[in-house]
Amino acid sequence: MPVQNMQRVNLISNKGEKFSYYHCDEFRIGSGAMGEVFKGWYTDYPEQKVAIKKVYNRHAENPQIRNRARHEASLLIYHPNLIKMIGYSEFDRNRGPIYIISELIRGETIDRCVRESDPSMRVAVVSGMMCSVLDALHCLHTQNPPVWHRDLKPSNIMVENGRGVKVMDLGIATSDGISLGTLEGRGFGTYPYAPPEQITGQRGLINATSDIYSIGVTFYELLTGVNPFSGGSDVDIMEKQIMMSLPYNSAIPRPLFRVLLKATAKKQSDRYQSAVSFKEAVMRATGNAGRQSGGGGLSLGLLYLVIGALALLIILIIILIII
């Protein structure tokens with residue numbers, strides 16, 4: 001592998017594990033408001049790849065942001081639909097740089113995956129993927145203390161191999177109502193997806209229904225290709241989020257639209273109160289009420305079809321044996 005003009009960075013995580021990566025465009029796999037993400041590896045096992053997020057130097061010495069990075073890396077919650085955090089690395093407790101280490105997700109964002117899918121199957125595909133996202137949310141929300149994601153949107157949901165869904169980026173997640181690294185008096189999250197209580201900075205009101213609202217907006221966008229709250233200034237978006245309900249779009253079956261309308265209700269008490277109740281409503285609306293929890297089961301109709309086919313195969317085998 002050519003290493004000319006590449007800066008190799010060696011890291012030791014907070015748990016003592018050793019990692020390496022090359023700080024160059026060839027190994028950069030993404031970037032965001034807080035930092036850049038590079039493909040790296042365990043130093044002693046280079047075949048085991050990881051994702052390493054380097055917080056931008058301009059943020060790395062901000063105590064709030066450093067605390068946020070440590071908090072993100074500390075969320076060691078294991079679920080098949082959640083990104084697996086590994087740890088963090090810093091050379092000094094009070095000075096930059098600081099790195100967040102997680103599993104490497106090989107795939108594409110959920111919106112891109114949906115755009116490439118068969119339009120005639122879009123409702124079924126999106127509904128199945130979003131049920132997996134809701135499984136991940138249920139896992140976060142039932143931790144002790146519960147964890148609220150607070151930045152759910154298409155770019156933070158990845159799809160591996162066309163079907164394995166992973167919720168990403170716990171950078172502004174909070175536990176037990178404690179906010180890390182956000183400025184008091186200001187809204188946070190991504191405004192076109194954030195619920196009214198979040199964009200108006202009411203941190204004490206953030207709970208499971210806040211994430212449910214964001215998933216409702218994301219669900220709508222994946223089905224229609226449009227975010228109804230985007231466009232204009234931040235003030236324009238905030239006003240829409242506070243005042244405007246989801247507009248009906250013919251790309252969404254009416255029963256499913258009613259589910260999304262409830263998920264994105266402006267009053268928190270009018271929304272689904274848990275990810276499980278939201279998922280159950282989605283399955284009823286799409287005719288998949290027999291689907292098993294976790295997003296991997298068969299519908300009852302398909303199960304009966306499989307059983308019937310097996311029975312027919314057994315009868316044919318018996319007939320061949322007799323002949």
# chains A, B, ... in the order shown; residues from 1 in each chain; ligands from 1
>>> residues_around(residues="region 38-50 of chain A", least_positions_apart="4", cutoff="12 Å", atoms="only C-alpha atoms", output="PyMOL selection string")
chain A and resi 8-13+16-32+54-55+83-87+99-106
>>> write_last_selection(atoms="N, CA, C and O atoms", output="compact mmCIF listing (two decimals), in the first residue's frame")
# COMPACT_ATOMS: atom_id res chain seq x y z
N ARG A 8 0.36 8.49 9.07
CA ARG A 8 -0.18 7.38 9.86
C ARG A 8 -0.32 7.84 11.31
O ARG A 8 0.61 8.40 11.90
N VAL A 9 -1.50 7.60 11.88
CA VAL A 9 -1.78 7.99 13.26
C VAL A 9 -2.00 6.73 14.08
O VAL A 9 -2.80 5.86 13.71
N ASN A 10 -1.27 6.60 15.17
CA ASN A 10 -1.40 5.46 16.08
C ASN A 10 -2.13 5.91 17.34
O ASN A 10 -1.81 6.95 17.92
N LEU A 11 -3.11 5.13 17.76
CA LEU A 11 -3.96 5.49 18.89
C LEU A 11 -3.99 4.38 19.92
O LEU A 11 -3.85 3.20 19.59
N ILE A 12 -4.18 4.76 21.16
CA ILE A 12 -4.48 3.82 22.24
C ILE A 12 -5.80 4.25 22.86
O ILE A 12 -5.95 5.39 23.29
N SER A 13 -6.77 3.36 22.87
CA SER A 13 -8.10 3.73 23.34
C SER A 13 -8.12 3.80 24.86
O SER A 13 -7.17 3.42 25.56
N GLY A 16 -7.25 0.62 26.40
CA GLY A 16 -5.92 0.07 26.19
C GLY A 16 -5.72 -0.62 24.86
O GLY A 16 -4.62 -1.13 24.59
N GLU A 17 -6.73 -0.65 23.99
CA GLU A 17 -6.58 -1.28 22.68
C GLU A 17 -5.87 -0.33 21.72
O GLU A 17 -6.03 0.89 21.81
N LYS A 18 -5.09 -0.90 20.80
CA LYS A 18 -4.29 -0.10 19.88
C LYS A 18 -4.94 -0.07 18.49
O LYS A 18 -5.37 -1.10 17.97
N PHE A 19 -4.98 1.14 17.91
CA PHE A 19 -5.58 1.34 16.59
C PHE A 19 -4.67 2.22 15.75
O PHE A 19 -3.84 2.97 16.27
N SER A 20 -4.85 2.14 14.43
CA SER A 20 -4.09 2.98 13.51
C SER A 20 -4.98 3.38 12.34
O SER A 20 -5.97 2.70 12.04
N TYR A 21 -4.63 4.50 11.71
CA TYR A 21 -5.29 4.89 10.47
C TYR A 21 -4.40 5.89 9.74
O TYR A 21 -3.47 6.45 10.31
N TYR A 22 -4.67 6.08 8.46
CA TYR A 22 -3.96 7.08 7.67
C TYR A 22 -4.84 8.31 7.52
O TYR A 22 -5.99 8.22 7.09
N HIS A 23 -4.31 9.46 7.91
CA HIS A 23 -5.05 10.71 7.82
C HIS A 23 -4.85 11.28 6.41
O HIS A 23 -3.92 12.05 6.15
N CYS A 24 -5.73 10.87 5.49
CA CYS A 24 -5.65 11.32 4.10
C CYS A 24 -6.99 11.07 3.43
O CYS A 24 -7.83 10.33 3.94
N ASP A 25 -7.17 11.69 2.26
CA ASP A 25 -8.45 11.59 1.56
C ASP A 25 -8.80 10.15 1.20
O ASP A 25 -9.97 9.77 1.20
N GLU A 26 -7.79 9.35 0.90
CA GLU A 26 -8.04 7.97 0.47
C GLU A 26 -8.74 7.16 1.55
O GLU A 26 -9.50 6.24 1.25
N PHE A 27 -8.48 7.49 2.82
CA PHE A 27 -9.06 6.72 3.92
C PHE A 27 -10.23 7.45 4.58
O PHE A 27 -10.83 6.92 5.51
N ARG A 28 -10.57 8.65 4.11
CA ARG A 28 -11.71 9.37 4.67
C ARG A 28 -13.00 8.77 4.13
O ARG A 28 -13.18 8.63 2.93
N ILE A 29 -13.93 8.43 5.03
CA ILE A 29 -15.18 7.80 4.61
C ILE A 29 -16.40 8.66 4.92
O ILE A 29 -17.53 8.29 4.60
N GLY A 30 -16.20 9.81 5.53
CA GLY A 30 -17.33 10.69 5.82
C GLY A 30 -16.90 11.87 6.65
O GLY A 30 -15.78 11.94 7.16
N SER A 31 -17.80 12.83 6.78
CA SER A 31 -17.53 14.01 7.61
C SER A 31 -18.86 14.58 8.06
O SER A 31 -19.91 14.33 7.46
N GLY A 32 -18.81 15.36 9.13
CA GLY A 32 -20.01 15.99 9.68
C GLY A 32 -19.66 17.29 10.36
O GLY A 32 -18.56 17.83 10.17
N LYS A 54 -12.31 11.67 14.00
CA LYS A 54 -11.44 12.67 14.59
C LYS A 54 -12.22 13.98 14.71
O LYS A 54 -12.67 14.54 13.72
N VAL A 55 -12.39 14.43 15.92
CA VAL A 55 -13.08 15.69 16.15
C VAL A 55 -12.23 16.82 15.56
O VAL A 55 -11.00 16.84 15.73
N ILE A 83 -25.19 0.92 15.80
CA ILE A 83 -23.75 0.91 15.62
C ILE A 83 -23.08 0.52 16.93
O ILE A 83 -23.53 0.91 18.02
N LYS A 84 -22.02 -0.26 16.85
CA LYS A 84 -21.30 -0.71 18.04
C LYS A 84 -20.16 0.26 18.33
O LYS A 84 -19.25 0.43 17.52
N MET A 85 -20.21 0.91 19.48
CA MET A 85 -19.13 1.80 19.89
C MET A 85 -18.01 0.97 20.52
O MET A 85 -18.26 -0.04 21.19
N ILE A 86 -16.77 1.40 20.30
CA ILE A 86 -15.61 0.66 20.81
C ILE A 86 -14.88 1.43 21.89
O ILE A 86 -14.46 0.87 22.90
N GLY A 87 -14.72 2.73 21.73
CA GLY A 87 -14.03 3.53 22.74
C GLY A 87 -13.58 4.85 22.16
O GLY A 87 -13.98 5.25 21.08
N TYR A 99 -10.47 11.29 19.54
CA TYR A 99 -10.97 10.36 18.52
C TYR A 99 -12.06 9.47 19.12
O TYR A 99 -11.97 9.06 20.29
N ILE A 100 -13.07 9.15 18.31
CA ILE A 100 -14.12 8.21 18.70
C ILE A 100 -14.03 7.00 17.79
O ILE A 100 -13.99 7.14 16.56
N ILE A 101 -13.99 5.81 18.37
CA ILE A 101 -13.76 4.58 17.61
C ILE A 101 -15.02 3.71 17.66
O ILE A 101 -15.58 3.48 18.74
N SER A 102 -15.45 3.24 16.50
CA SER A 102 -16.65 2.40 16.42
C SER A 102 -16.46 1.34 15.35
O SER A 102 -15.46 1.35 14.61
N GLU A 103 -17.42 0.43 15.26
CA GLU A 103 -17.37 -0.55 14.18
C GLU A 103 -17.49 0.15 12.84
O GLU A 103 -18.06 1.24 12.73
N LEU A 104 -16.94 -0.46 11.81
CA LEU A 104 -17.01 0.07 10.46
C LEU A 104 -18.25 -0.49 9.76
O LEU A 104 -18.38 -1.70 9.62
N ILE A 105 -19.16 0.39 9.36
CA ILE A 105 -20.36 -0.02 8.65
C ILE A 105 -20.11 0.08 7.15
O ILE A 105 -19.79 1.15 6.64
N ARG A 106 -20.26 -1.01 6.45
CA ARG A 106 -20.05 -1.03 4.99
C ARG A 106 -21.42 -1.04 4.32
O ARG A 106 -22.10 -2.06 4.29
>>> residues_around(residues="Val125 (chain A)", least_positions_apart="5", cutoff="10 Å", atoms="only C-alpha atoms", output="ChimeraX atom specification")
/A:113-114,117-120,130,163,223
>>> atom_distance(atom1="CA of Glu108 (chain A)", atom2="CA of Ser155 (chain A)")
9.0 Å
>>> atom_distance(atom1="CA of Ile157 (chain A)", atom2="CA of Val235 (chain A)")
26.2 Å
>>> select_by_dssp(residues="region 60-179 of chain A", states="helix (DSSP H, G or I)", output="PyMOL selection string")
chain A and resi 63-74+110-115+119-141+154-156
>>> residues_around(residues="Ala281 (chain A)", least_positions_apart="3", cutoff="10 Å", atoms="only C-alpha atoms", output="tab-separated table (two decimals) with all heavy atoms, in the first residue's frame")
chain	number	residue	atom	x	y	z
A	255	PRO	N	-53.94	4.22	5.61
A	255	PRO	CA	-53.76	3.71	6.97
A	255	PRO	C	-52.36	4.03	7.52
A	255	PRO	O	-52.23	4.38	8.71
A	255	PRO	CB	-53.96	2.20	6.82
A	255	PRO	CG	-54.79	2.05	5.59
A	255	PRO	CD	-54.34	3.13	4.67
A	256	LEU	N	-51.35	3.94	6.68
A	256	LEU	CA	-49.99	4.24	7.13
A	256	LEU	C	-49.83	5.73	7.36
A	256	LEU	O	-49.13	6.15	8.30
A	256	LEU	CB	-48.98	3.73	6.11
A	256	LEU	CG	-47.49	3.90	6.48
A	256	LEU	CD1	-47.19	3.23	7.82
A	256	LEU	CD2	-46.60	3.31	5.38
A	258	ARG	N	-52.05	7.75	8.49
A	258	ARG	CA	-52.64	8.06	9.80
A	258	ARG	C	-51.66	7.71	10.93
A	258	ARG	O	-51.59	8.41	11.96
A	258	ARG	CB	-53.96	7.30	9.98
A	258	ARG	CG	-55.10	7.88	9.13
A	258	ARG	CD	-56.44	7.31	9.55
A	258	ARG	NE	-56.59	5.92	9.15
A	258	ARG	CZ	-57.11	5.53	7.98
A	258	ARG	NH1	-57.51	6.44	7.11
A	258	ARG	NH2	-57.22	4.25	7.70
A	259	VAL	N	-50.89	6.65	10.74
A	259	VAL	CA	-49.88	6.27	11.73
A	259	VAL	C	-48.80	7.35	11.82
A	259	VAL	O	-48.40	7.77	12.92
A	259	VAL	CB	-49.25	4.91	11.37
A	259	VAL	CG1	-48.04	4.61	12.26
A	259	VAL	CG2	-50.28	3.79	11.49
A	260	LEU	N	-48.33	7.81	10.67
A	260	LEU	CA	-47.29	8.84	10.66
A	260	LEU	C	-47.80	10.16	11.21
A	260	LEU	O	-47.06	10.91	11.86
A	260	LEU	CB	-46.75	9.03	9.24
A	260	LEU	CG	-46.13	7.80	8.58
A	260	LEU	CD1	-45.52	8.17	7.22
A	260	LEU	CD2	-45.08	7.16	9.48
A	263	ALA	N	-47.59	9.82	14.90
A	263	ALA	CA	-46.20	9.83	15.37
A	263	ALA	C	-45.63	11.24	15.39
A	263	ALA	O	-44.76	11.55	16.21
A	263	ALA	CB	-45.34	8.94	14.45
A	272	TYR	N	-47.32	8.33	19.69
A	272	TYR	CA	-47.06	7.02	20.28
A	272	TYR	C	-46.08	7.22	21.43
A	272	TYR	O	-45.12	8.00	21.32
A	272	TYR	CB	-46.48	6.06	19.24
A	272	TYR	CG	-47.44	5.77	18.12
A	272	TYR	CD1	-47.28	6.36	16.86
A	272	TYR	CD2	-48.52	4.92	18.32
A	272	TYR	CE1	-48.19	6.12	15.84
A	272	TYR	CE2	-49.43	4.68	17.28
A	272	TYR	CZ	-49.26	5.28	16.06
A	272	TYR	OH	-50.16	5.06	15.04
A	275	ALA	N	-41.48	3.15	21.15
A	275	ALA	CA	-41.10	2.65	19.83
A	275	ALA	C	-41.87	1.37	19.51
A	275	ALA	O	-42.21	1.11	18.34
A	275	ALA	CB	-39.60	2.39	19.79
A	276	VAL	N	-42.18	0.57	20.52
A	276	VAL	CA	-42.92	-0.68	20.31
A	276	VAL	C	-44.33	-0.39	19.80
A	276	VAL	O	-44.80	-1.02	18.85
A	276	VAL	CB	-42.96	-1.50	21.62
A	276	VAL	CG1	-43.95	-2.67	21.49
A	276	VAL	CG2	-41.58	-2.04	21.96
A	277	SER	N	-45.02	0.58	20.43
A	277	SER	CA	-46.39	0.88	19.99
A	277	SER	C	-46.39	1.47	18.59
A	277	SER	O	-47.31	1.21	17.80
A	277	SER	CB	-47.06	1.83	20.99
A	277	SER	OG	-46.35	3.05	21.10
A	278	PHE	N	-45.38	2.26	18.24
A	278	PHE	CA	-45.25	2.80	16.88
A	278	PHE	C	-45.05	1.65	15.89
A	278	PHE	O	-45.71	1.58	14.85
A	278	PHE	CB	-44.08	3.78	16.85
A	278	PHE	CG	-43.92	4.56	15.58
A	278	PHE	CD1	-44.82	4.46	14.53
A	278	PHE	CD2	-42.85	5.43	15.43
A	278	PHE	CE1	-44.66	5.20	13.35
A	278	PHE	CE2	-42.68	6.18	14.26
A	278	PHE	CZ	-43.59	6.06	13.23
A	284	ARG	N	-49.65	-3.15	11.66
A	284	ARG	CA	-51.09	-3.27	11.41
A	284	ARG	C	-51.48	-2.53	10.13
A	284	ARG	O	-52.27	-3.04	9.33
A	284	ARG	CB	-51.88	-2.72	12.60
A	284	ARG	CG	-51.86	-3.61	13.84
A	284	ARG	CD	-52.92	-3.17	14.84
A	284	ARG	NE	-52.69	-1.81	15.32
A	284	ARG	CZ	-51.95	-1.49	16.37
A	284	ARG	NH1	-51.36	-2.45	17.07
A	284	ARG	NH2	-51.80	-0.25	16.75
A	285	ALA	N	-50.92	-1.35	9.96
A	285	ALA	CA	-51.29	-0.53	8.80
A	285	ALA	C	-50.81	-1.13	7.48
A	285	ALA	O	-51.42	-0.91	6.43
A	285	ALA	CB	-50.73	0.89	8.96
A	286	THR	N	-49.73	-1.90	7.53
A	286	THR	CA	-49.17	-2.47	6.31
A	286	THR	C	-49.51	-3.95	6.14
A	286	THR	O	-49.01	-4.61	5.23
A	286	THR	CB	-47.64	-2.31	6.29
A	286	THR	OG1	-47.07	-2.90	7.46
A	286	THR	CG2	-47.26	-0.84	6.24
A	287	GLY	N	-50.35	-4.47	7.04
A	287	GLY	CA	-50.78	-5.86	6.92
A	287	GLY	C	-49.75	-6.86	7.37
A	287	GLY	O	-49.82	-8.03	6.97
A	288	ASN	N	-48.79	-6.44	8.22
A	288	ASN	CA	-47.75	-7.35	8.70
A	288	ASN	C	-47.86	-7.57	10.19
A	288	ASN	O	-46.86	-7.68	10.89
A	288	ASN	CB	-46.36	-6.79	8.37
A	288	ASN	CG	-46.07	-6.87	6.89
A	288	ASN	OD1	-46.38	-7.86	6.24
A	288	ASN	ND2	-45.49	-5.82	6.34
A	289	ALA	N	-49.08	-7.64	10.70
A	289	ALA	CA	-49.27	-7.79	12.14
A	289	ALA	C	-48.72	-9.10	12.67
A	289	ALA	O	-48.45	-9.24	13.85
A	289	ALA	CB	-50.74	-7.67	12.50
>>> atom_distance(atom1="CA of Glu36 (chain A)", atom2="CA of Thr218 (chain A)")
24.0 Å
>>> residues_around(residues="region 64-73 of chain A", least_positions_apart="2", cutoff="10 Å", atoms="only C-alpha atoms", output="mmCIF file with C-alpha atoms, in the first residue's frame")
data_model
loop_
_atom_site.group_PDB
_atom_site.id
_atom_site.type_symbol
_atom_site.label_atom_id
_atom_site.label_comp_id
_atom_site.auth_asym_id
_atom_site.auth_seq_id
_atom_site.Cartn_x
_atom_site.Cartn_y
_atom_site.Cartn_z
ATOM 1 C CA ASN A 14 -9.402 4.382 26.841
ATOM 2 C CA MET A 34 -18.075 17.798 14.519
ATOM 3 C CA LYS A 53 -13.911 9.848 13.983
ATOM 4 C CA LYS A 54 -11.438 12.673 14.590
ATOM 5 C CA VAL A 55 -13.078 15.695 16.146
ATOM 6 C CA HIS A 59 -13.656 21.912 18.524
ATOM 7 C CA ALA A 60 -11.235 19.516 20.174
ATOM 8 C CA GLU A 61 -10.341 21.770 23.109
ATOM 9 C CA ASN A 62 -13.927 22.714 23.930
ATOM 10 C CA LEU A 75 -22.582 4.088 24.920
ATOM 11 C CA LEU A 76 -21.614 0.421 24.738
ATOM 12 C CA LYS A 84 -21.300 -0.708 18.039
ATOM 13 C CA MET A 85 -19.135 1.796 19.892
ATOM 14 C CA ILE A 86 -15.612 0.658 20.806
ATOM 15 C CA GLY A 87 -14.035 3.528 22.738
ATOM 16 C CA TYR A 88 -12.196 6.819 22.434
ATOM 17 C CA SER A 89 -8.609 8.013 22.348
ATOM 18 C CA GLU A 90 -7.061 11.265 23.519
ATOM 19 C CA ARG A 93 -7.478 15.140 29.024
ATOM 20 C CA ASN A 94 -7.842 18.846 28.263
ATOM 21 C CA ARG A 95 -6.344 19.363 24.817
ATOM 22 C CA GLY A 96 -7.005 18.052 21.326
ATOM 23 C CA PRO A 97 -7.093 15.891 19.411
ATOM 24 C CA ILE A 98 -9.776 13.430 20.461
ATOM 25 C CA TYR A 99 -10.972 10.363 18.521
ATOM 26 C CA ILE A 100 -14.125 8.211 18.699
ATOM 27 C CA ILE A 101 -13.757 4.580 17.612
ATOM 28 C CA SER A 102 -16.646 2.403 16.423
ATOM 29 C CA ASP A 169 -24.207 8.826 15.234
ATOM 30 C CA LEU A 170 -24.960 9.062 18.936
ATOM 31 C CA GLY A 171 -23.084 12.361 19.059
ATOM 32 C CA ILE A 172 -25.833 14.362 20.765
ATOM 33 C CA ALA A 173 -27.579 11.461 22.478
ATOM 34 C CA THR A 174 -28.385 12.104 26.102
ATOM 35 C CA SER A 175 -29.015 9.877 29.101
ATOM 36 C CA SER A 179 -27.437 17.295 27.875
ATOM 37 C CA LEU A 180 -23.800 17.103 26.849
ATOM 38 C CA GLY A 181 -22.123 19.669 24.660
ATOM 39 C CA THR A 182 -25.082 21.821 23.609
ATOM 40 C CA LEU A 183 -25.453 25.525 24.246
#
>>> residues_around(residues="region 139-153 of chain A", least_positions_apart="3", cutoff="10 Å", atoms="only C-alpha atoms", output="VMD selection string")
chain A and resid 75 77 to 79 81 to 82 109 to 111 133 to 136 156 to 157 167 to 178 188 to 195 198 206 to 219 221 274 to 275
>>> closest_residue(among="A:Ser127, A:Asn227, A:Asn57, A:Thr200", to="Pro154 (chain A)", atoms="only C-alpha atoms")
A:Asn227
>>> select_by_dssp(residues="region 135-256 of chain A", states="strand (DSSP E or B)", output="list in words")
Val147, Trp148, Ile157, Met158, Val159, Glu160, Gly164, Val165, Lys166, Val167, Thr174, Ser175 and Ile178 of chain A
